[in-house]
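**Q** Sharing a structure, written as C-alpha cells. Questions coming.
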Amino acid sequence: MQWILSATERPPESFIQAVKQHTPASNGLYAAQLLWQRGIKNQKQLAAFINHKAYQPASPFEFGQEMYLAIARLQQARNNKEKIAIWGDFDADGITATAVLWDGLGEFFAQNTQLIYYIPNRLTESHGLNEQGINNLDKQGCKLIVTCDTGSTNISEIIYAKQLGIDVIVTDHHTLPAERPPVIAIINPRYLPNEKLQTPGDGVFGHGKEATNAQYPMPKAAGRLSISTHLEMEFPVVFNEHPLFHLSGVAVAYKLVEALYQTLPDVPQHPLEDLLDLVAVGLIADLVQLSGDCRYLAQLGIQRLQEDFKHSPTARRRPGVGRLLELCQKSGDRPTDISFGLGPRINAVSRIQGDASFCVELLTSRDAKHCNQLAEVTELANARRKSLQKDLQKQVAQKLTQLDLSTTSVIVLEDAQWPTGVLGLVAGQVAQETGRPTILLSTEGLGTEEKKESRGAGEEFLTQHSALSLARGSARSVNSVDLYQLVKDQAHLLHRFGGHPFAAGLSLLVENIPLFTEAINQQLRQSLGGTTLKPTVQADLTVTVADLGKELFLELKLLEPCGMGNPVPKLLIQNCWFENSWNRNQQDWQGKKVQYIKTEFDIRDDSSRSAFPGIWWGHYKDELPMVRCDCIAELDYNTFKKRYEIRLIAVRPAANSELTTQHGLRPATLTSFILDWRNLTTSDSLETRLIASLPTSPLLLEDCPTNWDDLRAWFRRSQYNQQQLAIAWSKPNLQPPNQIWLTLVGIAKYLSRTNQLVTRVQLLEKLGIRDQTLLLGIKALKYWGFTVKTQDRYLQISWHPTDSTENFADAVVAQFLAAVREEQFQQKYFAEVPLSIIVAMINSQ
C-alpha cells in the first residue's frame, strides 16, 4: 500500500490567529493547516465553514421550473384529494428520504389514507421503480408517485405508470439518463449549473424566480437535457460548484418539502426544522461531499439529533432513533455516530431481510415502546450483517489469491453462495485494499424474467430471454475511476445496472461474466495508458503520541461534520510501538458473540512516558507489528468508555529505523536478531559452544513449526524476553502417511488388548504429528470401531468392531491422511525456506 502525506504549507499568521479564536485550548495550528489545505483561506470562508449561522443556504427554487412544476402538481393533488405514494429506496439515504417525505408531506396530506409509501425489497426487486410495485399502487388508487433517492433512469417504468394514469415526480441525485424522463418534474441536482439565472415572470407562477438554466423555460423536450449533458462533459467544474450539487436523496426530498412549506406557509403544524435530524442521518450515511448546503444541513441536523437524545426516551420526538443510538452506544453528537452507528444499522435491515419498510416507522413513529421493538430488530439484523460480512471477506480473500493483480485492472469475482446484501460492503473493502475497482457477483439463478425493453442510459434490459440464469452484484471504485461509466460502456452485456461513479449495482447473464470481465479490464487498461493502480492511504498531519488527547481532538473537531471532500483528519504517527494488545469477537446487544473482530491496544513513542489507547476494527492483535512502526490513525472520542482513543487505519514497520521492540531491544536488523541454526550437524557440545559465543543466551526453537502463526508466537516470546531467536530444527525424517495411520491403528489395538492408558503427548511423539491432525486420527478410529475416552490426562482406547459404513470410514481416514500430508509439506517447507523469507513473513505482521 502506498502511503501519501499531504503537502503541508504553513498558513499566514493572520489565518492561524483567526482559527485560534475557535480553539482556545490549543494554538490552532493543526486545524489551520488542514483548513488551508482544503481551500478555506480567508476569514469569510472560515466563518461560513465553522458557523452555520454565517452561511446563506440556497433556496429550494434554485431548481427552477422543475420545482415549480412539482409544487403545482402537489397542490393539485391536495385540492383534488388525490392519493399519493412515496416511492423510496432501501438504503439509509432512501429510508431517511422516505421518512422526510412521510413527515413533511404528511403536514399537507392525511397519512395512511391520502399518503402512503412503498420501499422495494432489496433481495427480490432491487433499486428503482418496477411494474409490479406500480400495479400495486394503481390498485390502491394512487394518482401520483413521488420518488426519493431513485427514479431518474426508470424511463420504461415511468411510461408504464403514465399509461395507467399515474403521474410521477422524481426527486433523486443519481446519474441522469440521456433524455429527460416523461415525468411531471424531475428534481435532481445533477441538472444544476454554477450560475444563477433569471426566469421570465411570464405568469406561469405569477412572478419571476431564480432558475438554474435559462435555456429550459419548460421541461417538455429532451433538448435541454442533452445540452446539459454536453456541458457537464466539457465543463465539470461549473456543475460541481453549485451549493446544491452534492445533495443526497434525503436532502433533495427535504428541499421539495421546504418549497411546499414556503408555498403554503399556513398549513404545516410542525416546524420544518423537525426534519433536519433525518436529513443529517441520510447525508452522512450516503457519503456525499459535505460542502455547500450539504454541510449546512448536516450541521443543523446533528444539533437536532443531539438535542433530542438528551430527552428521556418517552419525551423524544424520535424515540426509534434514540433507541438505536443507545444500542450502538452513541449520543448523536458526532458524524461518526451516524457513519459507524445509525447508518450501518438502517442499511443492515434490507441487506439481511430484504424488506426494510418498517425502518420508516422506526424513524417517524412517536410510540416509544413500539420503536424500541423495531430498534432491537434492526440491531439484530446488523449483528447478522457483521457475521455475514466477515464470512464473505474470508471467501473473497481466498479467491483473490488466485488472481494475478499485476495484470488485473478491475477485480470481478463470483460465487453462487454469496449473499447479495453484503456484496457492496466487501467490494468496497477489497477496492480500498487493492486500489482497484471491484465487482462481486452472486451467481445464484433468479428465475424467470419477462421480456422488457428500455431506452434509458442508466439501465439496459435483455429482450429475448426467459428462465434467466442471472448474476447480481455490487461494484465499488477507488482512485477516482468512474465506475459507472466503465459499467455503462458494457451495457450490451448486462441485464440491468444503475449507480454513480463510485458505486453501482448490476445484473447480467452468468454466461456473460467472462466476456464482461475481459472487456471491462481491457477498457480500464486502455484509459489508464500504462498507469498502475495502487492502494493508497493519505495522511494529513504528522503528530506524536504526546499530541494525542482532548486538546487535539477539540481542535480537529472544528472541521466536523466530515465526509467526502472534507474527510476525517488522518494522523501519521512515526516510530511508535504497541503494547497490551488483545482482540475479541464483538457481541450483540443480547450478549451473543458475533464473528466480527476488533483489537484494542496502547500506543507509545519516545515523545511521552504515557501510552494512549486505540482500537483496530476487523483485525487480530497478531496483525500488529512487533517492531517499531509507523501508523495512520484517526483521533476519536469513545462515548461509551468516556475516553479519547485512536482508530487505527494502516500500519507498517518504521521505514527508517532499526528494529526496536517495545522493551528497548535494538539489534541492527531483524535478520541478525533471528539465528539460523537449522540443519546443522550439531551435538550438545557444538550447541553449547554456539550459545556460549553469544552475549546472551538465545531462545532455542527446535520443533519445526507448521504455520507462520506458530513462528510469530515464538518471535514475540523472544522479544518479550529480550532474547535472540535461534531456529534450530532439522529436516524431518518423515514416515509415509499410510504408515502413520497403520501405526496409530496398531497402537490402538495394543492399548485395547492390554487395557493400558496413553497420554496425548505420547501419541504425538510416537506418530510425529500435531494436535489437530491427531484429532482427525482419533475421529477416524471411532469410525473403525474404536472407543476413545478421556481419564484425567490419559486416553483409554477400546475396540468393538462394528458394521459402520465402510465408505464413510474410508472418507474419514482420507481426511486424516490429507492432514498428515499437509503437515509434512509444511515441515519440509520450514526446513528449507530461506531466512530472508522468514524475516519478511514475520515482519509483515
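Simple scheme: letters A, B, ... for chains in C-alpha cells order, numbers from 1 for residues in each chain, numbers from 1 for ligands in the order shown.
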Using only C-alpha atoms, which protein or nucleic acid residues come within 10 Å of Ala611 (chain A)? Drop anything in the same chain fewer than 6 positions from it, and give the result as a ChimeraX atom specification.
**A** /A:545-546,548,577-579,601-605
**Q** Give me, as a list in words, all polymer residues having an atom no more than 7 Å from region 314-321 of chain A, counting only C-alpha atoms and skipping those fewer than 4 positions away in the same chain.
**A**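 The residues satisfying every condition are Asp308, Phe309, Leu325, Leu362, Leu363, Thr364, Ser365, Arg366, Ala368, Cys371, Asn372 and Ala375 of chain A.
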**Q** For region 36-44 of chain A, work out the shell of residues within 10 Å, counting only C-alpha atoms and skipping chain neighbours fewer than 2 positions away, then give it as an NGL selection string.
**A** :A and (6-12 or 14-16 or 18-19 or 30-34 or 46-49 or 54-55 or 540 or 565-567)
**Q** With only C-alpha atoms as the basis for distance, which of A:Asn382, A:Leu69, A:Ser474, A:Asp293 is at the shortest distance from Gln56 (chain A)?
**A**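 Smallest separation from Gln56 (chain A) among the options: A:Asp293.
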